[in-house]
file model_18.cif (mmCIF, C-alpha atoms)
data_run
#
loop_
_atom_site.label_atom_id
_atom_site.label_comp_id
_atom_site.auth_asym_id
_atom_site.auth_seq_id
_atom_site.Cartn_x
_atom_site.Cartn_y
_atom_site.Cartn_z
CA MET A 178 -6.19 -81.07 -17.85
CA LYS A 179 -5.00 -83.59 -15.29
CA THR A 180 -3.76 -82.26 -12.01
CA GLY A 181 -0.52 -84.21 -12.18
CA LYS A 182 0.25 -82.84 -15.58
CA ILE A 183 -0.36 -79.26 -14.43
CA VAL A 184 2.00 -79.71 -11.50
CA LEU A 185 4.78 -81.27 -13.55
CA ARG A 186 4.54 -78.63 -16.22
CA ASN A 187 4.74 -75.76 -13.75
CA LEU A 188 7.73 -77.22 -11.95
CA GLY A 189 9.61 -78.05 -15.11
CA ARG A 190 9.48 -76.73 -18.60
CA ASP A 191 6.95 -73.94 -18.01
CA ASN A 192 8.51 -72.78 -14.79
CA PRO A 193 7.45 -69.15 -14.42
CA VAL A 194 10.90 -67.84 -13.54
CA PHE A 195 13.27 -69.30 -16.06
CA ALA A 196 10.94 -70.28 -18.90
CA GLN A 197 8.73 -67.22 -18.87
CA ILE A 198 10.96 -64.73 -17.01
CA LEU A 199 8.02 -63.58 -14.97
CA GLY A 200 7.93 -62.28 -11.46
CA ILE A 201 11.60 -61.61 -11.09
CA CYS A 202 11.01 -58.09 -9.80
CA SER A 203 10.76 -59.27 -6.25
CA THR A 204 12.80 -62.40 -6.90
CA LEU A 205 16.09 -60.65 -6.77
CA ALA A 206 15.50 -58.24 -3.94
CA VAL A 207 14.93 -60.79 -1.18
CA THR A 208 17.37 -63.51 -2.18
CA ASN A 209 20.45 -62.26 -0.33
CA VAL A 210 19.31 -64.03 2.86
CA LEU A 211 17.86 -67.54 2.76
CA LYS A 212 15.48 -67.08 5.68
CA ASN A 213 13.81 -64.00 4.18
CA THR A 214 13.48 -65.79 0.88
CA ALA A 215 11.69 -68.72 2.50
CA VAL A 216 9.23 -66.41 4.24
CA MET A 217 8.62 -64.52 1.02
CA CYS A 218 8.03 -67.77 -0.86
CA LEU A 219 5.46 -68.98 1.64
CA GLY A 220 3.62 -65.67 1.33
CA LEU A 221 3.67 -65.95 -2.43
CA ILE A 222 2.42 -69.54 -2.52
CA PHE A 223 -0.40 -68.63 -0.17
CA THR A 224 -1.44 -65.62 -2.25
CA LEU A 225 -1.09 -67.42 -5.55
CA ALA A 226 -3.06 -70.49 -4.51
CA LEU A 227 -5.92 -68.67 -2.84
CA SER A 228 -6.27 -65.91 -5.41
CA ASN A 229 -6.32 -68.55 -8.15
CA VAL A 230 -9.09 -70.44 -6.36
CA THR A 231 -11.09 -67.28 -5.70
CA VAL A 232 -10.82 -65.97 -9.25
CA SER A 233 -11.67 -69.40 -10.58
CA ALA A 234 -14.75 -69.69 -8.33
CA MET A 235 -15.96 -66.29 -9.50
CA ARG A 236 -15.02 -66.79 -13.14
CA ARG A 237 -18.61 -66.85 -14.39
CA LEU A 238 -19.51 -63.71 -12.45
CA ILE A 239 -16.61 -61.48 -13.49
CA PRO A 240 -17.46 -59.21 -16.44
CA GLY A 241 -14.75 -59.40 -19.10
CA ARG A 242 -14.04 -55.69 -19.22
CA VAL A 243 -13.16 -55.24 -15.58
CA ARG A 244 -11.56 -58.63 -14.97
CA MET A 245 -8.07 -57.22 -14.42
CA MET A 246 -9.36 -54.91 -11.72
CA VAL A 247 -11.24 -57.73 -10.01
CA GLU A 248 -8.16 -59.93 -10.12
CA VAL A 249 -5.99 -57.20 -8.65
CA LEU A 250 -8.45 -56.60 -5.82
CA VAL A 251 -8.65 -60.30 -4.99
CA ILE A 252 -4.86 -60.57 -4.97
CA ALA A 253 -4.44 -57.40 -2.91
CA SER A 254 -6.83 -58.71 -0.26
CA TYR A 255 -4.77 -61.85 0.22
CA VAL A 256 -1.55 -59.86 0.29
CA ILE A 257 -2.96 -57.75 3.12
CA VAL A 258 -3.59 -60.98 5.04
CA VAL A 259 0.00 -62.07 4.42
CA ASP A 260 1.36 -58.67 5.44
CA ILE A 261 -0.56 -58.56 8.70
CA ALA A 262 0.37 -62.16 9.54
CA LEU A 263 4.07 -61.54 8.88
CA ARG A 264 4.13 -58.41 10.99
CA ALA A 265 2.47 -60.25 13.84
CA PHE A 266 4.54 -63.45 13.84
CA VAL A 267 7.93 -62.55 12.37
CA PRO A 268 8.25 -58.78 12.82
CA ASP A 269 12.03 -58.74 12.17
CA ILE A 270 11.77 -60.43 8.82
CA ALA A 271 8.71 -58.37 7.91
CA ARG A 272 10.76 -55.21 8.48
CA GLN A 273 13.62 -56.49 6.33
CA LEU A 274 11.27 -57.48 3.52
CA GLY A 275 9.81 -53.98 3.65
CA PRO A 276 7.78 -53.10 0.59
CA TYR A 277 8.44 -56.38 -1.16
CA VAL A 278 5.58 -58.12 0.60
CA GLY A 279 3.17 -55.57 -0.82
CA LEU A 280 4.77 -55.99 -4.19
CA ILE A 281 3.46 -59.55 -4.39
CA ILE A 282 0.36 -57.77 -5.77
CA THR A 283 2.19 -56.73 -8.90
CA ASN A 284 4.19 -59.91 -9.15
CA CYS A 285 3.53 -60.87 -12.72
CA ILE A 286 3.19 -64.55 -11.82
CA VAL A 287 0.16 -64.03 -9.64
CA MET A 288 -1.66 -61.90 -12.20
CA GLY A 289 -0.45 -64.12 -14.99
CA ARG A 290 -1.83 -67.31 -13.49
CA ALA A 291 -5.16 -65.68 -12.64
CA GLU A 292 -5.46 -64.37 -16.17
CA ALA A 293 -4.13 -67.38 -18.05
CA PHE A 294 -5.42 -70.25 -15.98
CA ALA A 295 -7.92 -69.46 -13.23
CA LEU A 296 -10.32 -67.59 -15.51
CA THR A 297 -10.95 -70.66 -17.62
CA ASN A 298 -10.59 -73.58 -15.22
CA PRO A 299 -12.50 -74.96 -12.21
CA PRO A 300 -11.28 -74.17 -8.66
CA GLY A 301 -9.68 -77.57 -8.04
CA ALA A 302 -7.39 -77.33 -11.03
CA ALA A 303 -6.74 -73.67 -10.25
CA LEU A 304 -5.56 -74.62 -6.77
CA ALA A 305 -3.17 -77.21 -8.19
CA ASP A 306 -1.93 -74.69 -10.73
CA GLY A 307 -1.48 -71.98 -8.11
CA VAL A 308 0.41 -74.15 -5.64
CA SER A 309 2.66 -75.70 -8.26
CA SER A 310 3.46 -72.39 -9.93
CA GLY A 311 4.28 -71.03 -6.49
CA VAL A 312 6.52 -73.98 -5.68
CA GLY A 313 8.19 -73.75 -9.08
CA TYR A 314 8.94 -70.11 -8.40
CA SER A 315 10.07 -70.80 -4.85
CA TYR A 316 12.64 -73.46 -5.56
CA VAL A 317 14.39 -71.22 -8.07
CA LEU A 318 14.46 -68.45 -5.50
CA LEU A 319 15.71 -70.74 -2.77
CA VAL A 320 18.55 -72.06 -4.93
CA ILE A 321 19.61 -68.52 -5.80
CA ALA A 322 19.32 -67.40 -2.19
CA PHE A 323 21.33 -70.41 -1.02
CA PHE A 324 24.30 -69.50 -3.21
CA ARG A 325 24.03 -65.77 -2.60
CA GLU A 326 24.03 -66.19 1.16
CA LEU A 327 26.73 -68.85 1.09
CA LEU A 328 29.12 -66.91 -1.11
CA GLY A 329 28.17 -63.45 0.09
CA SER A 330 28.12 -63.99 3.84
CA GLY A 331 29.60 -67.47 4.34
CA THR A 332 26.44 -68.59 6.11
CA ILE A 333 23.41 -70.76 5.46
CA TRP A 334 20.18 -69.91 7.25
CA GLY A 335 22.21 -67.54 9.42
CA VAL A 336 24.59 -70.32 10.56
CA ARG A 337 28.24 -69.92 9.71
CA VAL A 338 29.40 -72.83 7.53
CA LEU A 339 32.49 -71.57 5.79
CA GLY A 340 35.59 -71.28 7.95
CA ASP A 341 37.29 -68.10 9.11
CA GLY A 342 39.59 -68.23 6.13
CA TRP A 343 36.64 -67.51 3.83
CA VAL A 344 36.55 -64.03 2.38
CA ASN A 345 33.01 -62.91 1.62
CA TRP A 346 32.21 -62.09 -1.97
CA SER A 347 30.49 -58.87 -1.09
CA ILE A 348 29.22 -58.52 -4.65
CA MET A 349 26.87 -61.43 -4.04
CA VAL A 350 24.77 -59.59 -1.47
CA THR A 351 24.52 -56.46 -3.59
CA ALA A 352 22.40 -55.82 -6.67
CA PRO A 353 24.82 -56.84 -9.43
CA GLY A 354 25.40 -60.22 -7.78
CA ALA A 355 21.69 -60.96 -8.00
CA PHE A 356 21.58 -60.20 -11.70
CA PHE A 357 24.64 -62.33 -12.45
CA MET A 358 23.40 -65.18 -10.29
CA LEU A 359 20.03 -65.35 -12.04
CA ALA A 360 21.69 -65.08 -15.45
CA VAL A 361 23.98 -68.00 -14.65
CA PHE A 362 21.08 -70.01 -13.30
CA ILE A 363 19.03 -69.44 -16.45
CA TRP A 364 22.04 -70.31 -18.57
CA ILE A 365 22.60 -73.60 -16.80
CA VAL A 366 18.94 -74.57 -16.85
CA LYS A 367 18.41 -73.64 -20.47
CA GLY A 368 21.65 -75.15 -21.61
CA VAL A 369 21.35 -78.46 -19.83
CA TRP A 370 17.76 -79.20 -19.09
CA LEU A 371 15.77 -77.51 -21.76
CA ASP A 372 18.08 -78.48 -24.58
CA SER A 373 15.64 -80.95 -26.05
CA ALA A 374 12.65 -78.62 -25.70
CA PRO A 375 11.69 -76.33 -28.57
CA ALA A 376 13.32 -72.94 -28.22
CA ASP A 377 10.90 -70.68 -26.44
CA ALA A 378 13.20 -67.89 -25.35
CA GLY A 379 11.78 -64.46 -25.75
CA LYS A 380 8.14 -65.39 -26.14
CA ALA A 381 7.54 -64.47 -22.53
CA GLY A 382 4.36 -62.55 -21.94
CA ALA A 383 6.41 -59.78 -20.46
CA ARG A 384 4.77 -57.18 -18.37
CA MET B 229 13.61 -28.01 -0.37
CA GLY B 230 17.28 -28.94 -0.47
CA HIS B 231 16.50 -32.36 0.85
CA ALA B 232 13.93 -32.89 -1.90
CA PHE B 233 16.67 -32.30 -4.47
CA ALA B 234 18.87 -34.82 -2.73
CA VAL B 235 16.03 -37.32 -2.83
CA PHE B 236 15.55 -36.68 -6.55
CA PHE B 237 19.18 -37.26 -7.48
CA ALA B 238 19.53 -40.23 -5.18
CA ALA B 239 16.47 -41.80 -6.81
CA VAL B 240 17.97 -41.32 -10.27
CA PHE B 241 21.49 -42.52 -9.54
CA THR B 242 22.47 -44.12 -6.25
CA ASN B 243 19.12 -45.67 -5.41
CA ASN B 244 17.95 -46.40 -8.92
CA ILE B 245 14.69 -48.25 -8.47
CA LEU B 246 15.50 -50.72 -11.21
CA LEU B 247 19.15 -51.43 -10.57
CA THR B 248 19.21 -51.43 -6.78
CA ASN B 249 15.62 -52.35 -5.90
CA TYR B 250 14.99 -54.58 -8.91
CA LEU B 251 11.55 -53.12 -9.51
CA GLY B 252 10.00 -53.04 -12.95
CA MET B 253 12.23 -55.85 -14.19
CA CYS B 254 9.54 -57.61 -16.21
CA SER B 255 8.84 -54.80 -18.61
CA PHE B 256 12.51 -53.82 -18.48
CA LEU B 257 13.49 -57.17 -19.96
CA GLY B 258 10.47 -57.45 -22.23
CA VAL B 259 10.41 -54.04 -23.86
CA SER B 260 14.09 -53.09 -24.01
CA ARG B 261 14.78 -54.51 -27.46
CA GLU B 262 14.44 -51.19 -29.30
CA VAL B 263 15.43 -47.68 -28.32
CA LYS B 264 12.26 -46.16 -29.72
CA THR B 265 9.78 -48.28 -27.78
CA SER B 266 11.91 -47.96 -24.65
CA MET B 267 11.69 -44.21 -24.96
CA GLY B 268 7.89 -44.35 -25.16
CA LEU B 269 7.62 -46.63 -22.17
CA GLY B 270 10.18 -44.60 -20.23
CA ALA B 271 8.24 -41.38 -20.81
CA ALA B 272 4.97 -43.01 -19.77
CA VAL B 273 6.59 -44.34 -16.59
CA VAL B 274 7.97 -40.90 -15.67
CA VAL B 275 4.52 -39.32 -15.99
CA VAL B 276 2.60 -42.04 -14.19
CA MET B 277 5.15 -42.49 -11.42
CA THR B 278 5.35 -38.78 -10.60
CA ALA B 279 1.59 -38.35 -10.56
CA THR B 280 0.73 -41.51 -8.66
CA SER B 281 3.31 -40.94 -5.95
CA VAL B 282 1.80 -37.52 -5.30
CA LEU B 283 -1.78 -38.82 -5.44
CA ASN B 284 -0.99 -41.71 -3.17
CA TRP B 285 0.78 -39.41 -0.72
CA LEU B 286 -2.34 -37.24 -0.53
CA VAL B 287 -4.64 -40.23 -0.13
CA TYR B 288 -2.41 -41.81 2.48
CA SER B 289 -1.83 -38.67 4.56
CA PHE B 290 -5.32 -37.22 4.44
CA VAL B 291 -7.56 -40.28 4.25
CA LEU B 292 -5.89 -43.49 5.35
CA ALA B 293 -3.65 -42.29 8.19
CA PRO B 294 -6.27 -40.13 10.00
CA LEU B 295 -8.78 -42.98 9.84
CA GLY B 296 -6.27 -45.58 11.00
CA LEU B 297 -6.74 -47.60 7.84
CA GLU B 298 -3.04 -47.89 6.91
CA TYR B 299 -3.37 -51.62 6.33
CA LEU B 300 -5.68 -50.92 3.39
CA ARG B 301 -2.91 -49.08 1.56
CA PHE B 302 -2.11 -51.95 -0.81
CA ILE B 303 -5.64 -52.01 -2.21
CA VAL B 304 -6.06 -48.25 -2.22
CA PHE B 305 -2.71 -47.56 -3.90
CA ILE B 306 -3.27 -50.08 -6.66
CA VAL B 307 -6.77 -48.74 -7.32
CA VAL B 308 -5.46 -45.17 -7.48
CA ILE B 309 -2.76 -46.26 -9.92
CA ALA B 310 -5.13 -48.25 -12.11
CA ALA B 311 -7.71 -45.46 -12.14
CA PHE B 312 -5.09 -42.84 -12.95
CA VAL B 313 -3.69 -44.88 -15.82
CA GLN B 314 -7.18 -45.43 -17.19
CA ILE B 315 -8.00 -41.72 -17.06
CA VAL B 316 -4.73 -40.68 -18.66
CA GLU B 317 -5.33 -43.18 -21.42
CA MET B 318 -8.80 -41.80 -22.13
CA VAL B 319 -7.60 -38.20 -22.02
CA ILE B 320 -4.68 -38.57 -24.38
CA GLU B 321 -6.81 -40.63 -26.74
CA ARG B 322 -9.12 -37.63 -27.07
CA VAL B 323 -6.52 -34.92 -27.03
CA SER B 324 -3.65 -36.05 -29.19
CA ASP B 325 -3.43 -38.83 -31.73
CA THR B 326 0.32 -38.68 -31.98
CA LEU B 327 0.76 -38.86 -28.22
CA TYR B 328 -1.69 -41.73 -28.06
CA ALA B 329 0.19 -43.58 -30.78
CA ALA B 330 3.43 -43.05 -28.87
CA LEU B 331 2.29 -43.83 -25.32
CA GLY B 332 -1.11 -45.51 -25.61
CA ILE B 333 0.01 -49.09 -25.93
CA PHE B 334 2.34 -48.77 -22.94
CA LEU B 335 -0.18 -47.46 -20.48
CA PRO B 336 -1.99 -50.75 -19.73
CA LEU B 337 1.40 -52.36 -19.12
CA ILE B 338 2.16 -49.76 -16.51
CA THR B 339 -0.62 -50.68 -14.10
CA VAL B 340 1.17 -53.93 -13.40
CA ASN B 341 4.65 -52.43 -13.40
CA CYS B 342 5.93 -53.21 -9.91
CA ALA B 343 8.04 -50.07 -9.86
CA ILE B 344 4.97 -47.81 -9.76
CA LEU B 345 3.48 -49.50 -6.71
CA GLY B 346 6.96 -49.90 -5.25
CA VAL B 347 7.56 -46.15 -5.28
CA SER B 348 4.35 -45.53 -3.37
CA LEU B 349 5.21 -48.21 -0.81
CA PHE B 350 8.77 -46.95 -0.29
CA MET B 351 7.42 -43.44 0.12
CA VAL B 352 5.24 -44.57 3.02
CA ILE B 353 7.97 -46.65 4.66
CA ARG B 354 10.47 -43.80 4.51
CA SER B 355 7.77 -41.32 5.65
CA TYR B 356 8.52 -38.68 3.04
CA THR B 357 6.99 -35.23 3.09
CA PHE B 358 4.90 -34.01 0.16
CA LEU B 359 7.83 -32.41 -1.68
CA GLU B 360 10.08 -35.37 -1.07
CA SER B 361 7.43 -37.73 -2.43
CA LEU B 362 7.12 -35.62 -5.55
CA ALA B 363 10.90 -35.64 -5.94
CA TYR B 364 11.13 -39.35 -5.23
CA GLY B 365 8.40 -40.25 -7.73
CA ALA B 366 9.88 -38.07 -10.47
CA GLY B 367 13.44 -39.20 -9.72
CA SER B 368 12.55 -42.87 -9.74
CA GLY B 369 10.70 -42.44 -13.02
CA VAL B 370 13.66 -40.69 -14.61
CA GLY B 371 16.05 -43.27 -13.19
CA TRP B 372 13.96 -46.10 -14.60
CA ALA B 373 13.76 -44.42 -18.00
CA VAL B 374 17.53 -43.85 -18.05
CA ALA B 375 18.16 -47.49 -17.23
CA ILE B 376 15.80 -48.90 -19.87
CA LEU B 377 17.13 -46.51 -22.53
CA ALA B 378 20.72 -47.48 -21.81
CA MET B 379 19.73 -51.13 -21.85
CA ALA B 380 17.92 -50.80 -25.19
CA GLY B 381 20.91 -49.02 -26.70
CA ILE B 382 23.26 -51.78 -25.57
CA ARG B 383 20.93 -54.54 -26.74
CA GLN B 384 20.57 -52.97 -30.17
CA ARG B 385 24.31 -52.81 -30.57
CA ILE B 386 24.94 -56.39 -29.61
CA GLY B 387 21.89 -57.60 -31.52
CA GLY B 388 23.90 -59.31 -34.23
CA SER B 389 26.56 -60.91 -32.08
CA ARG B 390 26.72 -64.61 -31.35
CA VAL B 391 26.03 -65.61 -27.79
CA PRO B 392 25.99 -69.04 -26.14
CA LYS B 393 22.67 -70.74 -26.76
CA GLY B 394 21.25 -70.70 -23.25
CA MET B 395 22.27 -67.09 -22.74
CA GLU B 396 20.19 -65.67 -25.57
CA GLY B 397 17.47 -63.23 -24.61
CA ALA B 398 16.86 -63.00 -20.90
CA GLY B 399 20.17 -64.44 -19.72
CA LEU B 400 22.22 -61.91 -21.63
CA ALA B 401 19.90 -59.06 -20.65
CA LEU B 402 20.43 -59.96 -17.00
CA VAL B 403 24.21 -59.93 -17.39
CA ILE B 404 23.98 -56.48 -18.97
CA ALA B 405 21.72 -55.33 -16.15
CA GLY B 406 24.29 -56.64 -13.68
CA ILE B 407 27.09 -54.68 -15.31
CA MET B 408 24.91 -51.58 -15.37
CA ALA B 409 24.13 -52.05 -11.70
CA LEU B 410 27.87 -52.26 -11.03
CA ALA B 411 28.38 -49.03 -12.93
CA PHE B 412 25.64 -47.29 -11.02
CA MET B 413 27.22 -48.42 -7.74
CA GLY B 414 29.99 -46.05 -8.70
CA PHE B 415 27.64 -43.19 -7.83
CA ASN B 416 27.38 -44.48 -4.27
CA GLY B 417 30.03 -42.17 -2.94
CA MET B 418 27.99 -39.13 -3.94
CA MET B 419 25.01 -39.58 -1.67
CA ARG B 420 23.04 -42.22 0.12
CA LEU B 421 19.38 -42.61 0.85
CA ASN B 422 17.85 -45.04 3.27
#
call {"tool": "encode", "arguments": {"input": "model_18.cif", "output": "structure tokens"}}
result
Amino acid sequence: MKTGKIVLRNLGRDNPVFAQILGICSTLAVTNVLKNTAVMCLGLIFTLALSNVTVSAMRRLIPGRVRMMVEVLVIASYVIVVDIALRAFVPDIARQLGPYVGLIITNCIVMGRAEAFALTNPPGAALADGVSSGVGYSYVLLVIAFFRELLGSGTIWGVRVLGDGWVNWSIMVTAPGAFFMLAVFIWIVKGVWLDSAPADAGKAGAR
Amino acid sequence: MGHAFAVFFAAVFTNNILLTNYLGMCSFLGVSREVKTSMGLGAAVVVVMTATSVLNWLVYSFVLAPLGLEYLRFIVFIVVIAAFVQIVEMVIERVSDTLYAALGIFLPLITVNCAILGVSLFMVIRSYTFLESLAYGAGSGVGWAVAILAMAGIRQRIGGSRVPKGMEGAGLALVIAGIMALAFMGFNGMMRLN
């Protein structure tokens, strides 16, 4: 498969978040503040890209029966790198993200891409697939975080943009707000953008 | 002892791992179409979560922390969880056919359920004692099972209703989850856990 095609597909119609509803476990928890979301996304792209390349490079050596275990170990190693780096360079954000950095390991997207793509494709294509899946995931998160922070705290990237007259929608920074926000996002995307595409709702390889 | 009880009830209601920490969403949305399957998955999660939180506490406190290897906890925890799930699967396959038929297919799903690993990670961050970890693991499992059962019940009831096209499936499930999260916020006055 051509690299360009892989990238386009992962950003658009096969976007892991709204087309496959994967990886939203950690999606919702970190999106109440834009800055944390950005850091989380970078960590995820890093893990996804490198674990995809590693699994792909080892694909002929991994015995079929234990492949899940091997994939998990590869992913966990990169997550440890991310965790240590975050705690060293941005300790405040690392503390706020708490366990969610470690939970990149069980993020269904990372496992899903290793299983579905990296095991059967060469490293170059796996890198393209990893990065574009990560970016596809990230922009959804960033859009959600943008609105949650704007409406919930009246700020963007920690800077106050809405005037003093603005009353914060405190629901947006709490759990229910995240669920509603993602639901609305999926609704808009599916209704407008994916209208022409064949209905694929519900076939998600849910984990 | 009293504090362990508080941890248990907080994990079920006010700090529900699914509705306030968003963990285990993938299988929550994927498997909550029928009450019966949800019950099987819920039961499996309760068992695995309780056992792995205890196991991981022991491993962390007696192996990783004394050796200064805390940074290895991600790998170690996930291996403990995967190994435990594998063993349970083999044991119940031998011991009981009915139990295997009920839980067997859900066990592999559980290894990648973020809630299981999440419980172990939260337990370390909040530095729980042994009893508190047990209570937290069991409480989170029960809380997760309660949430998925309620969700499956609601989804079965509204199964036949007409919804806007883009909202079918995941979109609607998320709205329901949001309303459930709102309802569970009502418990907030009772107790709080940080």
call {"tool": "interface_residues", "arguments": {"input": "model_18.cif", "of": "chain A", "to": "chain B", "cutoff": "6 Å", "atoms": "all atoms listed in the file", "output": "list in words"}}
result
Cys202, Ala253, Pro276, Thr283, Ala352, Pro353, Phe356, Phe357, Ala360, Trp364, Lys367, Gly368, Gly379, Ala383 and Arg384 of chain A
call {"tool": "residues_around", "arguments": {"input": "model_18.cif", "residues": "Phe415 in chain B", "least_positions_apart": "3", "cutoff": "10 Å", "atoms": "all atoms listed in the file", "output": "number ranges by chain"}}
result
B: 238, 241-243, 410-412, 418-420
call {"tool": "resolve_selection", "arguments": {"input": "model_18.cif", "expression": "the PyMOL selection byres ((chain A and resi 210) around 9)", "output": "list in words"}}
result
Val207, Thr208, Asn209, Leu211, Lys212, Asn213, Thr214, Ala215, Ala322, Phe323, Arg325, Glu326, Ser330, Ile333, Trp334, Gly335 and Val350 of chain A
call {"tool": "write_last_selection", "arguments": {"input": "model_18.cif", "atoms": "C-alpha atoms", "output": "mmCIF file, in the coordinates of the input"}}
result
data_model
loop_
_atom_site.group_PDB
_atom_site.id
_atom_site.type_symbol
_atom_site.label_atom_id
_atom_site.label_comp_id
_atom_site.auth_asym_id
_atom_site.auth_seq_id
_atom_site.Cartn_x
_atom_site.Cartn_y
_atom_site.Cartn_z
ATOM 1 C CA VAL A 207 14.930 -60.790 -1.180
ATOM 2 C CA THR A 208 17.370 -63.510 -2.180
ATOM 3 C CA ASN A 209 20.450 -62.260 -0.330
ATOM 4 C CA LEU A 211 17.860 -67.540 2.760
ATOM 5 C CA LYS A 212 15.480 -67.080 5.680
ATOM 6 C CA ASN A 213 13.810 -64.000 4.180
ATOM 7 C CA THR A 214 13.480 -65.790 0.880
ATOM 8 C CA ALA A 215 11.690 -68.720 2.500
ATOM 9 C CA ALA A 322 19.320 -67.400 -2.190
ATOM 10 C CA PHE A 323 21.330 -70.410 -1.020
ATOM 11 C CA ARG A 325 24.030 -65.770 -2.600
ATOM 12 C CA GLU A 326 24.030 -66.190 1.160
ATOM 13 C CA SER A 330 28.120 -63.990 3.840
ATOM 14 C CA ILE A 333 23.410 -70.760 5.460
ATOM 15 C CA TRP A 334 20.180 -69.910 7.250
ATOM 16 C CA GLY A 335 22.210 -67.540 9.420
ATOM 17 C CA VAL A 350 24.770 -59.590 -1.470
#
call {"tool": "atom_distance", "arguments": {"input": "model_18.cif", "atom1": "CA of Ala363 in chain B", "atom2": "CA of Met267 in chain B"}}
result
20.9 Å
call {"tool": "atom_distance", "arguments": {"input": "model_18.cif", "atom1": "CA of Ser368 in chain B", "atom2": "CA of Val273 in chain B"}}
result
9.2 Å
call {"tool": "closest_residue", "arguments": {"input": "model_18.cif", "among": "A:Gly200, A:Gly331, A:Gly279, A:Pro193", "to": "Met349 in chain A", "atoms": "only C-alpha atoms"}}
result
A:Gly331
call {"tool": "atom_distance", "arguments": {"input": "model_18.cif", "atom1": "CA of Ile281 in chain A", "atom2": "CA of Asp191 in chain A"}}
result
20.1 Å
call {"tool": "closest_residue", "arguments": {"input": "model_18.cif", "among": "A:Ile363, A:Met288, A:Met245, A:Leu319", "to": "Gly307 in chain A", "atoms": "all atoms listed in the file"}}
result
A:Met288
call {"tool": "resolve_selection", "arguments": {"input": "model_18.cif", "expression": "the PyMOL selection byres ((chain A and resi 219-229) around 9)", "output": "PyMOL selection string"}}
result
chain A and resi 214-218+230-234+248+251-256+258-260+263+278+281-282+286-288+290-291+294-296+300+303-312+314-315
